[in-house]
Amino acid sequence: MSNYRLTDEQRSLKEAARRFAENKLRPIALETERKGEAMSREALKLMAENGYVGLDIPTEYGGLGLDIMGCAVVLEELSSVWFSASTNAMSLLTGPLLVFGTDEQKQNYLPAISSGNLLTAFALTETDAGSDASSIQTFAARDGDDWVINGRKIYITNGARADLIVLFARTDRDAPRGEGITLFLIEKGSPGFSVGQKYDMLAHTANPVAELVFDDCRVPNSCILGEPGGGVRYMQVGFSKARATYGARCAAVAQAALNYALDYMQTREQFGQPLSSFQALRFRAAELYAKIEAARQLSYHACALADAGTDDAPVAASMAKLFGSEVSTKVTEQCIQFLGGHGLDKDHPVERFYRETKLFQVGDGSSEMLSLLISRHLNKQAQAGMHARLASD
Ligand SMILES: Cc1cc2nc3c(=O)[nH]c(=O)nc-3n(C[C@H](O)[C@H](O)[C@H](O)COP(=O)(O)OP(=O)(O)OC[C@H]3O[C@@H](n4cnc5c(N)ncnc54)[C@H](O)[C@@H]3O)c2cc1C
């Protein structure tokens, strides 16, 4: 099962990633999560040395040069062992940087990202602009050859320790909604840039989130990524690519939780029998397994459409993330239930899987925002007198 259009090459890529994740990453993950610490630079370097950072970065810049399906199969294996590490394997920045960056920007940053020497952060969310990202208020004003930036970003993954921030700032206050937003590449140490509050979140302590403060932060014009005002369009490039892979990542976390619970149910006895002998539990596990497989296949499908560049690839990617995150949250929650009180005990990994996967329903397009995107597509199709179908029909 689960081999939607996987080639022999993709299968061996997946197996190699599994070996790396199981043998090298798992011990670090367990130790780091147990201590509640951030993922170390050494761990990032280890991933990079083994080829697992910069999955989508072309080989000429030291990356793996994988297409989106290739990225998905590797991310699955990393996610099933350590979700936080998988987040650092493919930066949201590389999509827009590869498409819209200058040669100089690519040379400056891509090899450093691939080698694990440069950690990136993606700074979009503000206190009054979460789901409604187009309403950001961080403002960059032109001053001679420079830009002067003022504003604050919240909940930025790896914000406090990133070496390079991709910042979304308004550069035209009068532009219509969704326009007048520009992307800036801000290096750590830029004058006027500092880290504010560090948040204590339910999960993701290995990639801690922080507030970023821009107080008359002065940067040269060469820091702009693409054209001024193109920010929202550029953002969609990164999101579309990432969302296609999310379903597979969610499926992988869910499968890891289910596998653990199934093993547990073989040995845990109540009423003189192993839990696995109770039909009510077995049927529930069977249903969850079917949902995981559906989530994985939908994600592979979205990745295949994204690689083919079809018009409906962004909708397929939204569906993959929406469905995958709903499934993984439900599955991991039920896996806690399979273990009873032991499921809430941190000695077992299922509570971590649940906490990790909950973010998928919120970040990089919440379930509600993705439903909105998909429903707009359906409406458009209906208004054109067509039934909504994806390219595989
Ligand atoms: C662990 C973590 C890491 C994060 N990392 C980053 C990062 O690296 N970079 C970054 O920029 N941001 C990051 N975020 C922020 C994240 O992207 C936002 O939390 C997300 O966009 C939702 O925004 P919000 O929290 O302001 O919720 P709100 O926008 O206030 O929404 C609250 C709820 O209302 C729903 N809702 C909102 N509008 C509508 C509507 N029109 N119709 C129906 N429902 C609606 C939402 O879906 C949500 O369920 C991170 C968040 C977390 C928790």
# chains A, B, ... in the order shown; residues from 1 in each chain; ligands from 1
$ residues_near_ligand --ligand "ligand 1" --cutoff "10 Å" --atoms "only C-alpha atoms and all ligand atoms" --output "number ranges by chain"
A: 92, 120-133, 153-159, 165-168, 199-205, 207-211, 355-356, 358-372
$ closest_atom_pairs --of "range 97-201 of chain A" --to "range 24-47 of chain A" --cutoff "10 Å" --atoms "only C-alpha atoms" --output "Markdown table"
| residue | atom | partner | partner_atom | distance |
| --- | --- | --- | --- | --- |
| A:Ser114 | CA | A:Lys45 | CA | 9.4 |
| A:Ser115 | CA | A:Lys45 | CA | 6.9 |
| A:Gly116 | CA | A:Lys45 | CA | 5.0 |
| A:Asn117 | CA | A:Lys45 | CA | 7.2 |
| A:Leu118 | CA | A:Arg41 | CA | 9.6 |
| A:Leu119 | CA | A:Leu44 | CA | 8.9 |
| A:Asn158 | CA | A:Ala38 | CA | 9.0 |
| A:Arg161 | CA | A:Ala38 | CA | 9.8 |
$ write_last_selection --atoms "N, CA and C atoms" --output "compact mmCIF listing (two decimals), in the first residue's frame"
# COMPACT_ATOMS: atom_id res chain seq x y z
N SER A 114 21.76 24.72 3.02
CA SER A 114 21.94 23.27 2.77
C SER A 114 22.97 22.66 3.71
N SER A 115 23.98 23.44 4.08
CA SER A 115 25.04 22.87 4.92
C SER A 115 24.68 22.92 6.41
N GLY A 116 23.51 23.46 6.71
CA GLY A 116 23.09 23.52 8.12
C GLY A 116 23.76 24.65 8.88
N ASN A 117 24.43 25.55 8.14
CA ASN A 117 25.10 26.68 8.81
C ASN A 117 24.19 27.88 9.00
N LEU A 118 23.07 27.87 8.29
CA LEU A 118 22.20 29.04 8.34
C LEU A 118 20.76 28.59 8.60
N LEU A 119 20.24 29.02 9.73
CA LEU A 119 18.86 28.66 10.11
C LEU A 119 17.96 29.83 9.72
N ASN A 158 11.63 29.42 15.47
CA ASN A 158 13.09 29.62 15.46
C ASN A 158 13.47 31.10 15.41
N ARG A 161 16.67 32.40 17.23
CA ARG A 161 18.01 31.89 16.90
C ARG A 161 18.28 31.82 15.41
$ atom_distance --atom1 "CA of Ala16 in chain A" --atom2 "CA of Leu305 in chain A"
24.6 Å
$ select_by_dssp --residues "range 57-301 of chain A" --states "helix (DSSP H, G or I)" --output "PyMOL selection string"
chain A and resi 59-61+68-81+83-87+94-100+103-114+133-135+221-223+231-267+275-277+279-301
$ closest_residue --among "A:Ala242, A:Cys335, A:Ala175, A:Leu212" --to "Glu351 in chain A" --atoms "only C-alpha atoms"
A:Cys335
$ closest_residue --among "A:Lys380, A:Arg170, A:Arg152, A:His301" --to "Phe184 in chain A" --atoms "only C-alpha atoms"
A:Arg170
$ residues_around --residues "range 140-147 of chain A" --least-positions-apart "2" --cutoff "10 Å" --atoms "only C-alpha atoms" --output "VMD selection string"
chain A and resid 137 to 138 149 to 151 168 to 173 181 to 182 184 214 216 to 224
$ write_last_selection --atoms "N, CA and C atoms" --output "PDB file, in the first residue's frame"
ATOM      1  N   GLN A 137       0.727  45.086   9.586  1.00  0.00           N
ATOM      2  CA  GLN A 137       0.988  46.527   9.742  1.00  0.00           C
ATOM      3  C   GLN A 137       2.470  46.867   9.803  1.00  0.00           C
ATOM      4  N   THR A 138       3.330  45.869   9.921  1.00  0.00           N
ATOM      5  CA  THR A 138       4.774  46.163   9.903  1.00  0.00           C
ATOM      6  C   THR A 138       5.057  46.943   8.620  1.00  0.00           C
ATOM      7  N   ILE A 149      12.495  49.820   8.722  1.00  0.00           N
ATOM      8  CA  ILE A 149      11.357  48.939   9.046  1.00  0.00           C
ATOM      9  C   ILE A 149      10.942  49.119  10.503  1.00  0.00           C
ATOM     10  N   ASN A 150       9.617  49.194  10.719  1.00  0.00           N
ATOM     11  CA  ASN A 150       9.063  49.260  12.078  1.00  0.00           C
ATOM     12  C   ASN A 150       7.893  48.301  12.200  1.00  0.00           C
ATOM     13  N   GLY A 151       7.871  47.539  13.286  1.00  0.00           N
ATOM     14  CA  GLY A 151       6.757  46.615  13.519  1.00  0.00           C
ATOM     15  C   GLY A 151       7.197  45.441  14.374  1.00  0.00           C
ATOM     16  N   PHE A 168       7.800  39.808   6.117  1.00  0.00           N
ATOM     17  CA  PHE A 168       6.725  40.392   5.309  1.00  0.00           C
ATOM     18  C   PHE A 168       6.418  41.772   5.881  1.00  0.00           C
ATOM     19  N   ALA A 169       6.577  42.803   5.052  1.00  0.00           N
ATOM     20  CA  ALA A 169       6.298  44.163   5.525  1.00  0.00           C
ATOM     21  C   ALA A 169       5.509  44.917   4.458  1.00  0.00           C
ATOM     22  N   ARG A 170       4.657  45.786   4.943  1.00  0.00           N
ATOM     23  CA  ARG A 170       3.896  46.641   4.034  1.00  0.00           C
ATOM     24  C   ARG A 170       4.832  47.746   3.533  1.00  0.00           C
ATOM     25  N   THR A 171       4.797  48.014   2.227  1.00  0.00           N
ATOM     26  CA  THR A 171       5.626  49.108   1.700  1.00  0.00           C
ATOM     27  C   THR A 171       4.764  50.167   1.013  1.00  0.00           C
ATOM     28  N   ASP A 172       3.473  49.908   0.965  1.00  0.00           N
ATOM     29  CA  ASP A 172       2.568  50.890   0.363  1.00  0.00           C
ATOM     30  C   ASP A 172       1.272  50.870   1.165  1.00  0.00           C
ATOM     31  N   ARG A 173       1.061  51.929   1.937  1.00  0.00           N
ATOM     32  CA  ARG A 173      -0.124  51.942   2.825  1.00  0.00           C
ATOM     33  C   ARG A 173      -1.420  52.062   2.035  1.00  0.00           C
ATOM     34  N   ILE A 181       2.644  44.507  -0.228  1.00  0.00           N
ATOM     35  CA  ILE A 181       3.432  43.794   0.804  1.00  0.00           C
ATOM     36  C   ILE A 181       4.715  43.283   0.137  1.00  0.00           C
ATOM     37  N   THR A 182       5.829  43.518   0.814  1.00  0.00           N
ATOM     38  CA  THR A 182       7.143  43.201   0.226  1.00  0.00           C
ATOM     39  C   THR A 182       7.899  42.238   1.137  1.00  0.00           C
ATOM     40  N   PHE A 184      11.430  40.910   2.679  1.00  0.00           N
ATOM     41  CA  PHE A 184      12.801  41.356   2.978  1.00  0.00           C
ATOM     42  C   PHE A 184      13.582  40.185   3.567  1.00  0.00           C
ATOM     43  N   PHE A 214      11.155  45.086  15.192  1.00  0.00           N
ATOM     44  CA  PHE A 214      11.857  45.925  14.211  1.00  0.00           C
ATOM     45  C   PHE A 214      11.616  47.376  14.607  1.00  0.00           C
ATOM     46  N   ASP A 216      13.010  50.899  13.831  1.00  0.00           N
ATOM     47  CA  ASP A 216      13.857  51.634  12.889  1.00  0.00           C
ATOM     48  C   ASP A 216      14.981  50.739  12.361  1.00  0.00           C
ATOM     49  N   CYS A 217      14.616  49.543  11.996  1.00  0.00           N
ATOM     50  CA  CYS A 217      15.606  48.580  11.468  1.00  0.00           C
ATOM     51  C   CYS A 217      15.972  49.007  10.041  1.00  0.00           C
ATOM     52  N   ARG A 218      17.240  49.285   9.837  1.00  0.00           N
ATOM     53  CA  ARG A 218      17.685  49.831   8.534  1.00  0.00           C
ATOM     54  C   ARG A 218      18.369  48.725   7.736  1.00  0.00           C
ATOM     55  N   VAL A 219      17.873  48.488   6.527  1.00  0.00           N
ATOM     56  CA  VAL A 219      18.485  47.471   5.658  1.00  0.00           C
ATOM     57  C   VAL A 219      18.634  48.046   4.243  1.00  0.00           C
ATOM     58  N   PRO A 220      19.647  47.573   3.503  1.00  0.00           N
ATOM     59  CA  PRO A 220      19.822  48.080   2.129  1.00  0.00           C
ATOM     60  C   PRO A 220      18.756  47.532   1.173  1.00  0.00           C
ATOM     61  N   ASN A 221      18.585  48.186   0.062  1.00  0.00           N
ATOM     62  CA  ASN A 221      17.593  47.778  -0.931  1.00  0.00           C
ATOM     63  C   ASN A 221      17.844  46.359  -1.445  1.00  0.00           C
ATOM     64  N   SER A 222      19.111  45.925  -1.393  1.00  0.00           N
ATOM     65  CA  SER A 222      19.444  44.574  -1.894  1.00  0.00           C
ATOM     66  C   SER A 222      18.818  43.472  -1.042  1.00  0.00           C
ATOM     67  N   CYS A 223      18.224  43.849   0.107  1.00  0.00           N
ATOM     68  CA  CYS A 223      17.562  42.844   0.967  1.00  0.00           C
ATOM     69  C   CYS A 223      16.180  42.455   0.451  1.00  0.00           C
ATOM     70  N   ILE A 224      15.674  43.168  -0.523  1.00  0.00           N
ATOM     71  CA  ILE A 224      14.331  42.839  -1.030  1.00  0.00           C
ATOM     72  C   ILE A 224      14.381  41.547  -1.835  1.00  0.00           C
TER      73      ILE A 224
END
$ atom_distance --atom1 "CA of Ala85 in chain A" --atom2 "CA of Ala206 in chain A"
8.2 Å
$ atom_distance --atom1 "CA of Gly324 in chain A" --atom2 "CA of Ala295 in chain A"
5.0 Å
$ closest_residue --among "A:Gly178, A:Gly192, A:Pro314, A:Gly341" --to "Arg243 in chain A" --atoms "only C-alpha atoms"
A:Pro314
$ residues_around --residues "Cys71 in chain A" --least-positions-apart "5" --cutoff "7 Å" --atoms "only C-alpha atoms" --output "list in words"
Leu55, Asp56 and Leu66 of chain A
$ residues_around --residues "Gly101 in chain A" --least-positions-apart "2" --cutoff "12 Å" --atoms "only C-alpha atoms" --output "count of residues only"
26
$ closest_residue --among "A:Leu373, A:Ala48, A:Val350, A:Ala306" --to "Ser80 in chain A" --atoms "only C-alpha atoms"
A:Val350
$ closest_residue --among "A:Glu76, A:Tyr61, A:Phe283, A:Gly309" --to "Ala251 in chain A" --atoms "only C-alpha atoms"
A:Glu76
$ residues_around --residues "Cys303 in chain A" --least-positions-apart "2" --cutoff "10 Å" --atoms "only C-alpha atoms" --output "PyMOL selection string"
chain A and resi 67-72+240-248+297-301+305-309+313-314+316-317+320
$ select_by_dssp --residues "range 73-290 of chain A" --states "strand (DSSP E)" --output "CSV table (one decimal) with N, CA and C atoms, in the first residue's frame"
chain,number,residue,atom,x,y,z
A,120,THR,N,16.8,29.5,9.1
A,120,THR,CA,15.9,30.6,8.7
A,120,THR,C,14.7,30.6,9.5
A,121,ALA,N,14.0,31.8,9.4
A,121,ALA,CA,12.7,31.9,10.0
A,121,ALA,C,11.8,32.7,9.1
A,122,PHE,N,10.5,32.5,9.2
A,122,PHE,CA,9.5,33.0,8.3
A,122,PHE,C,8.6,33.9,9.1
A,123,ALA,N,8.7,35.3,8.9
A,123,ALA,CA,8.1,36.2,9.8
A,123,ALA,C,6.9,36.9,9.2
A,139,PHE,N,5.7,48.1,8.8
A,139,PHE,CA,5.9,49.0,7.6
A,139,PHE,C,7.4,49.2,7.3
A,140,ALA,N,7.7,49.2,6.0
A,140,ALA,CA,9.1,49.5,5.6
A,140,ALA,C,9.0,50.8,4.7
A,141,ALA,N,9.7,51.8,5.1
A,141,ALA,CA,9.7,53.1,4.4
A,141,ALA,C,11.0,53.3,3.7
A,142,ARG,N,11.0,53.7,2.4
A,142,ARG,CA,12.2,53.9,1.6
A,142,ARG,C,12.9,55.2,2.1
A,143,ASP,N,14.2,55.0,2.3
A,143,ASP,CA,15.0,56.2,2.8
A,143,ASP,C,16.3,56.1,2.0
A,146,ASP,N,18.2,52.8,1.3
A,146,ASP,CA,17.9,51.9,2.4
A,146,ASP,C,16.3,51.8,2.5
A,147,TRP,N,16.0,50.8,3.4
A,147,TRP,CA,14.6,50.8,3.9
A,147,TRP,C,14.6,50.8,5.4
A,148,VAL,N,13.7,51.5,6.0
A,148,VAL,CA,13.6,51.6,7.5
A,148,VAL,C,12.3,50.9,7.9
A,149,ILE,N,12.5,49.8,8.7
A,149,ILE,CA,11.4,48.9,9.0
A,149,ILE,C,10.9,49.1,10.5
A,150,ASN,N,9.6,49.2,10.7
A,150,ASN,CA,9.1,49.3,12.1
A,150,ASN,C,7.9,48.3,12.2
A,151,GLY,N,7.9,47.5,13.3
A,151,GLY,CA,6.8,46.6,13.5
A,151,GLY,C,7.2,45.4,14.4
A,152,ARG,N,6.2,44.6,14.7
A,152,ARG,CA,6.5,43.4,15.5
A,152,ARG,C,5.9,42.2,14.9
A,153,LYS,N,6.5,41.0,15.0
A,153,LYS,CA,6.0,39.8,14.5
A,153,LYS,C,5.9,38.8,15.7
A,154,ILE,N,4.9,38.0,15.8
A,154,ILE,CA,4.7,37.1,16.9
A,154,ILE,C,4.7,35.6,16.4
A,155,TYR,N,5.0,34.8,17.4
A,155,TYR,CA,5.0,33.3,17.2
A,155,TYR,C,5.9,32.9,16.0
A,156,ILE,N,7.1,33.4,15.9
A,156,ILE,CA,7.9,33.0,14.8
A,156,ILE,C,8.8,31.9,15.2
A,157,THR,N,8.6,30.8,14.5
A,157,THR,CA,9.4,29.5,14.7
A,157,THR,C,10.9,29.8,14.5
A,164,LEU,N,18.8,34.1,9.4
A,164,LEU,CA,18.2,34.9,8.3
A,164,LEU,C,16.6,34.8,8.5
A,165,ILE,N,16.0,36.0,8.4
A,165,ILE,CA,14.6,36.1,8.6
A,165,ILE,C,14.0,36.6,7.3
A,166,VAL,N,13.0,35.8,6.8
A,166,VAL,CA,12.2,36.4,5.7
A,166,VAL,C,11.0,37.1,6.2
A,167,LEU,N,11.1,38.4,6.0
A,167,LEU,CA,10.1,39.3,6.7
A,167,LEU,C,9.1,39.8,5.7
A,168,PHE,N,7.8,39.8,6.1
A,168,PHE,CA,6.7,40.4,5.3
A,168,PHE,C,6.4,41.8,5.9
A,169,ALA,N,6.6,42.8,5.1
A,169,ALA,CA,6.3,44.2,5.5
A,169,ALA,C,5.5,44.9,4.5
A,170,ARG,N,4.7,45.8,4.9
A,170,ARG,CA,3.9,46.6,4.0
A,170,ARG,C,4.8,47.7,3.5
A,181,ILE,N,2.6,44.5,-0.2
A,181,ILE,CA,3.4,43.8,0.8
A,181,ILE,C,4.7,43.3,0.1
A,182,THR,N,5.8,43.5,0.8
A,182,THR,CA,7.1,43.2,0.2
A,182,THR,C,7.9,42.2,1.1
A,183,LEU,N,8.7,41.4,0.5
A,183,LEU,CA,9.5,40.4,1.3
A,183,LEU,C,10.9,41.0,1.5
A,184,PHE,N,11.4,40.9,2.7
A,184,PHE,CA,12.8,41.4,3.0
A,184,PHE,C,13.6,40.2,3.6
A,185,LEU,N,14.8,40.1,3.2
A,185,LEU,CA,15.7,39.1,3.8
A,185,LEU,C,16.6,39.8,4.8
A,186,ILE,N,16.3,39.6,6.1
A,186,ILE,CA,17.0,40.3,7.2
A,186,ILE,C,18.0,39.4,7.9
A,187,GLU,N,19.2,39.8,7.9
A,187,GLU,CA,20.2,39.0,8.6
A,187,GLU,C,20.2,39.3,10.1
A,193,PHE,N,17.0,45.5,14.7
A,193,PHE,CA,16.3,44.2,14.8
A,193,PHE,C,16.6,43.5,16.1
A,194,SER,N,15.6,43.1,16.9
A,194,SER,CA,15.9,42.4,18.1
A,194,SER,C,14.8,41.4,18.4
A,195,VAL,N,15.1,40.5,19.4
A,195,VAL,CA,14.1,39.5,19.7
A,195,VAL,C,13.4,39.9,21.0
A,196,GLY,N,12.0,39.8,20.9
A,196,GLY,CA,11.2,40.2,22.1
A,196,GLY,C,10.9,39.0,22.9
A,197,GLN,N,9.6,38.9,23.2
A,197,GLN,CA,9.1,37.8,24.0
A,197,GLN,C,9.4,36.4,23.5
A,198,LYS,N,9.7,35.5,24.4
A,198,LYS,CA,9.9,34.1,24.0
A,198,LYS,C,8.7,33.3,24.6
A,209,VAL,N,9.3,29.4,19.6
A,209,VAL,CA,8.7,30.5,18.9
A,209,VAL,C,9.0,31.8,19.7
A,210,ALA,N,9.2,32.9,18.9
A,210,ALA,CA,9.6,34.2,19.6
A,210,ALA,C,8.9,35.3,18.9
A,211,GLU,N,8.9,36.4,19.6
A,211,GLU,CA,8.5,37.7,19.0
A,211,GLU,C,9.7,38.4,18.4
A,212,LEU,N,9.5,39.0,17.2
A,212,LEU,CA,10.6,39.7,16.6
A,212,LEU,C,10.3,41.2,16.5
A,213,VAL,N,11.2,42.0,16.9
A,213,VAL,CA,10.9,43.5,17.0
A,213,VAL,C,11.8,44.2,16.0
A,214,PHE,N,11.2,45.1,15.2
A,214,PHE,CA,11.9,45.9,14.2
A,214,PHE,C,11.6,47.4,14.6
A,215,ASP,N,12.7,48.0,15.1
A,215,ASP,CA,12.6,49.4,15.6
A,215,ASP,C,13.5,50.2,14.9
A,216,ASP,N,13.0,50.9,13.8
A,216,ASP,CA,13.9,51.6,12.9
A,216,ASP,C,15.0,50.7,12.4
A,217,CYS,N,14.6,49.5,12.0
A,217,CYS,CA,15.6,48.6,11.5
A,217,CYS,C,16.0,49.0,10.0
A,218,ARG,N,17.2,49.3,9.8
A,218,ARG,CA,17.7,49.8,8.5
A,218,ARG,C,18.4,48.7,7.7
A,219,VAL,N,17.9,48.5,6.5
A,219,VAL,CA,18.5,47.5,5.7
A,219,VAL,C,18.6,48.0,4.2
A,220,PRO,N,19.6,47.6,3.5
A,220,PRO,CA,19.8,48.1,2.1
A,220,PRO,C,18.8,47.5,1.2
A,224,ILE,N,15.7,43.2,-0.5
A,224,ILE,CA,14.3,42.8,-1.0
A,224,ILE,C,14.4,41.5,-1.8
A,225,LEU,N,13.4,40.7,-1.6
A,225,LEU,CA,13.3,39.5,-2.4
A,225,LEU,C,12.2,39.7,-3.4
A,269,GLU,N,-2.4,-6.3,29.3
A,269,GLU,CA,-3.5,-7.2,29.5
A,269,GLU,C,-4.5,-6.5,30.5
A,270,GLN,N,-5.8,-6.6,30.3
A,270,GLN,CA,-6.8,-6.3,31.2
A,270,GLN,C,-7.9,-7.4,31.1
A,273,GLN,N,-6.9,-10.6,29.3
A,273,GLN,CA,-6.6,-10.7,27.9
A,273,GLN,C,-5.8,-9.4,27.4
A,274,PRO,N,-5.0,-9.6,26.3
A,274,PRO,CA,-4.4,-8.4,25.8
A,274,PRO,C,-5.5,-7.4,25.2
